[in-house]
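**Student:** Here it is, the structure, as C-alpha cells.
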Amino acid sequence: MNPLIFTTILMTVLLGTMIVMMSSHWLMIWIGFEMNLLAIIPILMKKYNPRTMEASTKYFLTQATASMLLMMAIIINLMHSGQWTITKVFNPTASIIMTSALAMKLGLTPFHFWVPEVTQGISLTSGLILLTWQKLAPMSILYQISPSINLNILLTMAVLSILVGGWGGLNQTQLRKIMAYSSIAHMGWMTAVLVYNPTLTMLNMLIYIMMTLTMFMLFIHSSSTTTLSLSHTWNKTPLTTTLILITLLSMGGLPPLSGFMPKWMIIQELTKNNSIILPTLMAIMALLNLYFYMRLTYSTSLTMFPSTNNMKMKWQFETKRITLLPPLIVMSSLLLPLTPMLSILD
Amino acid sequence: MMTYIVFILSVIFVVSFVGFSSKPSPIYGGLVLIVSGGVGCGIIMNFGGSFLGLMVFLIYLGGMLVVFGYTTAMATEQYPEVWVSNTTVMGVFLLGLLMEVMLVLYVLKSEEVGVVFKFSGVGDWAIYDTGDSGVFSEEIMGVAALYSYGAWVVIVTGWSLFVGVLVILEVTRGD
C-alpha cells in the first residue's frame, strides 16, 4: 500500500478510537466507532488474497450490526431522557441493547464467533491491532456506562466467554486462533468485574494488552503462525523460547508473573462483594486457558518437538528487529511486585 | 387524512426500505431509494424542516443517487433481478410487507402501542401546531449551529467521508 495512504488510514484508526474515548455526545461516539471500523478494513486486507477479504467482510458485517444496535440504544435513550450526554443510560431496554452491542464489538459470548475466524484470516500485525487496539473503544464505553448495566446479562456473558475462550482454544494449533480464544477469555474476565470495580477492568485491559503485544511480537519475530512453526524457534533464536515460556505462563495467570495481578485483584473484588461461586468457577475455567498455553510452551521451550531432519533448519529472511520487545517482555512478566501501587488508583 | 400524513408517509418509507432490503438488482434498489428519499423528505418537511428536506432532494437524490445510478448502469447484468423473478426475493419482500401491514393494523386498532417504547396509537404521529418558537425557524438555526458551535462535528464527519473514499479506493484497487 502507498505509505502515505497507509499512514493516513492508520492515523484514522487511532483518531476513531480517540473520538470514542473522549466524546460526551452519543452521536460522536457512534461516529468514532464507524470511523474506526471503516479505516481498519484496508489494514485487515493488507495482503490481497480471498482469505483476508473474507475475514475483513466478516469483521465489517459484525461490527456494523453492533453499531446499528448501538445507534438504536442511543435513540431509545434519547427518547426516554431527552438528552445526549453519556452520564448514564436511563432506560433498562436501552442499557441491555447497548451492552449487547458493545459485547458484539468486543467479542464476548454469544457474539464471539467472528473472533477466531477474523484473526485467523489476517496477517499477524493486523491481528495484533485487531486484538489490542480495537478493544479499547468499546471497553471505554462500557466503563462509562457501568453504573447502569444490567448485572445478570453482563455476568452471564462474562462467564460464558471465559468458558468458551478456554474450551474453544483447546483444539487449536494455529497461533492466531489461540490468541483469539485467549482474547475472548480475557474479555470475559474484564467484563466480570466491570460492575463491581471498573478500575480493575482497566487494569486488566492494560496488562492484557501488554501481554498480547508481547506474544504477537514474539510470533512476528519468529514468523510463525502454527504451533509446529513455533516449535522451531529453538533453532532460530534460542532466547525467544524462554521468553515465550515466560510470557505464555504470565498470560495463563501464574503467580510470580504479572498476569496474576489482574486475576488476583478481580477474584478479591468479587469475593468482597459476597459472590464466591462465581470467582471459583472463573478461576477453574481459567485453567483451560492455562492448559493450552502450557501445551505451547511444552512444544516450544521445554521439548524438541518431533519433526523431520530437514525441517529443523528454519528458513528466514533477515531477522526483524522489534525495538519494543525487551521492555514489553519485562513489563508483561515482572510487574507483580508493583501491586501495592494500585492504591494510588483510588 | 392530512392529520395522519406523517403516518402514511412513514408506512411508505418502511415499505420502500423493505423493497430494497429484499435485494433485487441494484437498479431497482436505486428506484425504491428514490421513493424512500422523496417520502423521507416529506416526513421532514411535515416537522417544519423545509431546508433539510430540500437538502435530501438536492444532495442525496440529485447528487449521490445519480452517481450511484450511473455506476450501477455501467455494471449491470443482462437480466437484472426484479422482486418477482426470484422466489427468495419475493418471499422476503412479502414477509416484510406482511410485518408492516400487521404493525399498521396494530397501531390503528389499539389505543396504546408498547413495542419497545409506548406511543398512543396514531395520535402520536399527527403534528399539532404547539408552541410558537418565535420569529426564527428551528432547523435553520440548527444548521447554523452546526457550523458555529458544532465545528468539531463538521471536521469529524468531513474526515470520515474523506477516509471512506480513501478506504473504498484502497480496497477495490487490489494489489
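FYI, nothing fancy with the C-alpha cells labels: chains A, B, ... in order, residues from 1 per chain, ligands from 1 as they appear.
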Select from chain A every residue with an atom at most 7 Å from any atom of chain B, then for each give the shortest pair of atoms and their distance in Å to one decimal, using only C-alpha atoms, rows by chain and rising number, as CSV.

**Tutor:**
residue,atom,partner,partner_atom,distance
A:Met35,CA,B:Ser160,CA,5.7
A:Leu38,CA,B:Gly164,CA,6.5
A:Ala39,CA,B:Val167,CA,6.4
A:Pro42,CA,B:Val171,CA,6.0
A:Tyr48,CA,B:Asp175,CA,6.3

**Student:** Take the residues from that selection and write them out as a short mmCIF file (atom, residue, chain, number, x, y, z; two decimals), in the first residue's frame, keeping C-alpha atoms.

**Tutor:**
data_model
loop_
_atom_site.label_atom_id
_atom_site.label_comp_id
_atom_site.auth_asym_id
_atom_site.auth_seq_id
_atom_site.Cartn_x
_atom_site.Cartn_y
_atom_site.Cartn_z
CA MET A 35 -14.60 5.83 11.53
CA LEU A 38 -14.09 1.94 8.13
CA ALA A 39 -10.40 2.71 8.48
CA PRO A 42 -7.84 -1.86 4.49
CA TYR A 48 -4.93 -9.25 -1.21
#

**Student:** Need the shell around Leu69 in chain A: protein/DNA/RNA residues with any atom at most 8 Å away, counting only C-alpha atoms. Skip same-chain ones fewer than 6 positions apart. Format as a list in words?

**Tutor:**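 Residues near the query, excluding close chain neighbours: Ile97, Met98, Ser100 and Ala101 of chain A.
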
**Student:** Could you take the residues named above and write them with all heavy atoms, as a compact mmCIF listing (two decimals), in the first residue's frame?

**Tutor:**
# COMPACT_ATOMS: atom_id res chain seq x y z
N ILE A 97 -29.65 -3.28 25.26
CA ILE A 97 -29.27 -3.27 23.84
C ILE A 97 -27.86 -2.74 23.69
O ILE A 97 -27.04 -3.25 22.90
CB ILE A 97 -30.27 -2.44 23.03
CG1 ILE A 97 -31.64 -3.09 23.08
CG2 ILE A 97 -29.82 -2.31 21.59
CD1 ILE A 97 -32.69 -2.34 22.34
N MET A 98 -27.52 -1.70 24.49
CA MET A 98 -26.18 -1.15 24.37
C MET A 98 -25.13 -2.15 24.83
O MET A 98 -24.06 -2.28 24.22
CB MET A 98 -26.10 0.12 25.20
CG MET A 98 -24.96 0.99 24.82
SD MET A 98 -25.03 2.53 25.66
CE MET A 98 -26.36 3.33 24.83
N SER A 100 -25.37 -5.38 24.72
CA SER A 100 -25.22 -6.40 23.68
C SER A 100 -24.39 -5.88 22.51
O SER A 100 -23.54 -6.59 21.97
CB SER A 100 -26.57 -6.85 23.14
OG SER A 100 -27.44 -7.09 24.18
N ALA A 101 -24.63 -4.62 22.13
CA ALA A 101 -23.88 -4.06 21.01
C ALA A 101 -22.39 -3.99 21.33
O ALA A 101 -21.54 -4.36 20.51
CB ALA A 101 -24.41 -2.66 20.67

**Student:** By how many Å are CA of Ile9 in chain A and CA of Lys47 in chain A apart?

**Tutor:**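 Separating CA of Ile9 in chain A from CA of Lys47 in chain A is a distance of 15.4 Å.
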
**Student:** Please list as a PyMOL selection string every residue within 9 Å of range 30-39 of chain B, counting only C-alpha atoms and excluding residues in the same chain fewer than 4 positions away.

**Tutor:** chain B and resi 9-10+12-17+19-20+25-26+43-44+53+56-57+60-61+65+68-69+72

**Student:** Measure the distance from CA of Val92 in chain B to CA of Ser22 in chain B in Å and round it to one decimal.

**Tutor:**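 If I compute the distance from CA of Val92 in chain B to CA of Ser22 in chain B, I get 5.6 Å.
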
**Student:** Can you work out which one of B:Leu105, B:Leu95, B:Ile27, B:Ile155 has the shortest atom-to-atom distance to Thr71 in chain B, counting only C-alpha atoms?

**Tutor:**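 Distance minimum relative to Thr71 in chain B lands on B:Ile27.
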
**Student:** CA of Lys177 in chain A to CA of Gln316 in chain A: how many Å, to one decimal?

**Tutor:** 23.0 Å

**Student:** Quick one: of B:Met141, B:Tyr149, B:Glu100, B:Val6, who's nearest to Phe47 in chain B, counting only C-alpha atoms?

**Tutor:**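 When distances to Phe47 in chain B are compared using only C-alpha atoms, the smallest one comes from B:Val6.
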
**Student:** Pick out the residues sitting within 12 Å of range 79-81 of chain B, and hand them over as a PyMOL selection string; count only C-alpha atoms, and ignore anything fewer than 3 positions along from it in its own chain.

**Tutor:** chain B and resi 20+22-29+72-73+75-76+84-90

**Student:** Could you give me the residues within chain B that DSSP places in alpha helix (DSSP H), as a VMD selection string?

**Tutor:** chain B and resid 5 to 21 26 to 46 50 to 55 65 to 74 87 to 109 138 to 148 151 to 173

**Student:** Any idea what's packed within 9 Å of Leu52 in chain B, counting only C-alpha atoms, ignoring anything in its chain fewer than 2 positions away? Could you give it as a PyMOL selection string?

**Tutor:** chain B and resi 41+44-45+49-50+54-57+139-140+143

**Student:** At a cut-off of 8 Å, using only C-alpha atoms, what residues contact range 298-304 of chain A? Leave out same-chain residues fewer than 3 positions from it and give the result as a list in words.

**Tutor:**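 Final neighbour list, sorted by chain and number: Thr227, Leu230, Ser231, His232, Thr233, Trp234, Thr241, Thr242, Ile244, Leu245, Met294 and Arg295 of chain A.
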
**Student:** Write out as a tab-separated table (two decimals) with N, CA and C atoms, in the first residue's frame each polymer residue whose atoms come within 12 Å of Leu203 in chain A, counting only C-alpha atoms; drop sequence neighbours fewer than 2 positions from it.

**Tutor:**
chain	number	residue	atom	x	y	z
A	139	MET	N	-14.50	-0.93	25.36
A	139	MET	CA	-14.31	-1.06	26.79
A	139	MET	C	-14.43	0.29	27.48
A	143	TYR	N	-17.02	1.15	30.39
A	143	TYR	CA	-16.59	1.76	31.64
A	143	TYR	C	-17.48	2.94	32.00
A	186	HIS	N	-10.07	-13.35	28.11
A	186	HIS	CA	-9.65	-12.18	28.88
A	186	HIS	C	-10.73	-11.11	28.91
A	189	TRP	N	-13.03	-12.01	31.64
A	189	TRP	CA	-12.54	-11.61	32.97
A	189	TRP	C	-12.75	-10.11	33.18
A	190	MET	N	-12.49	-9.33	32.13
A	190	MET	CA	-12.59	-7.88	32.28
A	190	MET	C	-14.02	-7.44	32.54
A	191	THR	N	-14.96	-8.03	31.80
A	191	THR	CA	-16.33	-7.55	31.97
A	191	THR	C	-16.96	-8.13	33.23
A	193	VAL	N	-15.82	-8.03	36.21
A	193	VAL	CA	-15.63	-7.18	37.38
A	193	VAL	C	-16.07	-5.74	37.10
A	194	LEU	N	-16.63	-5.53	35.89
A	194	LEU	CA	-16.93	-4.16	35.46
A	194	LEU	C	-17.93	-3.48	36.38
A	197	ASN	N	-16.04	-3.06	40.21
A	197	ASN	CA	-14.95	-2.10	40.35
A	197	ASN	C	-14.35	-1.86	38.97
A	198	PRO	N	-14.81	-0.84	38.25
A	198	PRO	CA	-14.37	-0.67	36.86
A	198	PRO	C	-12.87	-0.38	36.72
A	199	THR	N	-12.24	0.08	37.80
A	199	THR	CA	-10.81	0.33	37.72
A	199	THR	C	-10.04	-0.95	37.42
A	200	LEU	N	-10.53	-2.07	38.00
A	200	LEU	CA	-9.84	-3.33	37.75
A	200	LEU	C	-10.01	-3.76	36.31
A	201	THR	N	-11.15	-3.38	35.69
A	201	THR	CA	-11.31	-3.67	34.27
A	201	THR	C	-10.20	-2.99	33.47
A	205	MET	N	-7.27	-4.68	31.36
A	205	MET	CA	-7.10	-4.32	29.95
A	205	MET	C	-5.66	-3.95	29.67
A	206	LEU	N	-5.07	-3.15	30.57
A	206	LEU	CA	-3.70	-2.70	30.37
A	206	LEU	C	-2.75	-3.89	30.33
A	207	ILE	N	-2.87	-4.76	31.32
A	207	ILE	CA	-1.92	-5.87	31.39
A	207	ILE	C	-2.17	-6.86	30.26
A	208	TYR	N	-3.46	-7.04	29.89
A	208	TYR	CA	-3.76	-7.93	28.77
A	208	TYR	C	-3.15	-7.40	27.49
A	209	ILE	N	-3.24	-6.08	27.28
A	209	ILE	CA	-2.68	-5.50	26.05
A	209	ILE	C	-1.18	-5.70	26.02
A	210	MET	N	-0.52	-5.49	27.20
A	210	MET	CA	0.92	-5.68	27.22
A	210	MET	C	1.30	-7.12	26.88
A	258	SER	N	3.29	-11.09	36.02
A	258	SER	CA	2.30	-10.01	36.09
A	258	SER	C	0.90	-10.43	35.71
A	259	GLY	N	0.75	-11.51	34.95
A	259	GLY	CA	-0.59	-11.89	34.56
A	259	GLY	C	-1.44	-12.31	35.74
A	260	PHE	N	-0.78	-12.59	36.86
A	260	PHE	CA	-1.53	-12.99	38.03
A	260	PHE	C	-2.22	-11.81	38.67
A	261	MET	N	-1.65	-10.60	38.49
A	261	MET	CA	-2.18	-9.45	39.20
A	261	MET	C	-3.64	-9.15	38.89
A	262	PRO	N	-4.05	-9.06	37.63
A	262	PRO	CA	-5.46	-8.76	37.41
A	262	PRO	C	-6.38	-9.86	37.92
A	263	LYS	N	-5.99	-11.13	37.72
A	263	LYS	CA	-6.87	-12.20	38.18
A	263	LYS	C	-7.02	-12.18	39.69
A	264	TRP	N	-5.94	-11.94	40.38
A	264	TRP	CA	-5.97	-11.88	41.84
A	264	TRP	C	-6.88	-10.75	42.30
A	265	MET	N	-6.68	-9.57	41.72
A	265	MET	CA	-7.48	-8.42	42.12
A	265	MET	C	-8.95	-8.64	41.81
A	266	ILE	N	-9.23	-9.25	40.65
A	266	ILE	CA	-10.63	-9.47	40.27
A	266	ILE	C	-11.29	-10.45	41.22
A	335	LEU	N	5.71	-7.40	36.65
A	335	LEU	CA	5.02	-6.28	37.28
A	335	LEU	C	4.35	-6.64	38.59
A	339	THR	N	2.06	-4.42	42.74
A	339	THR	CA	0.62	-4.42	43.03
A	339	THR	C	0.21	-3.43	44.11
A	341	MET	N	1.00	-0.59	44.48
A	341	MET	CA	0.85	0.73	43.89
A	341	MET	C	-0.56	0.97	43.38
A	342	LEU	N	-1.37	-0.08	43.31
A	342	LEU	CA	-2.74	0.09	42.83
A	342	LEU	C	-3.53	1.00	43.74
A	345	LEU	N	-4.80	4.32	42.65
A	345	LEU	CA	-5.90	4.47	41.71
A	345	LEU	C	-7.18	4.93	42.39
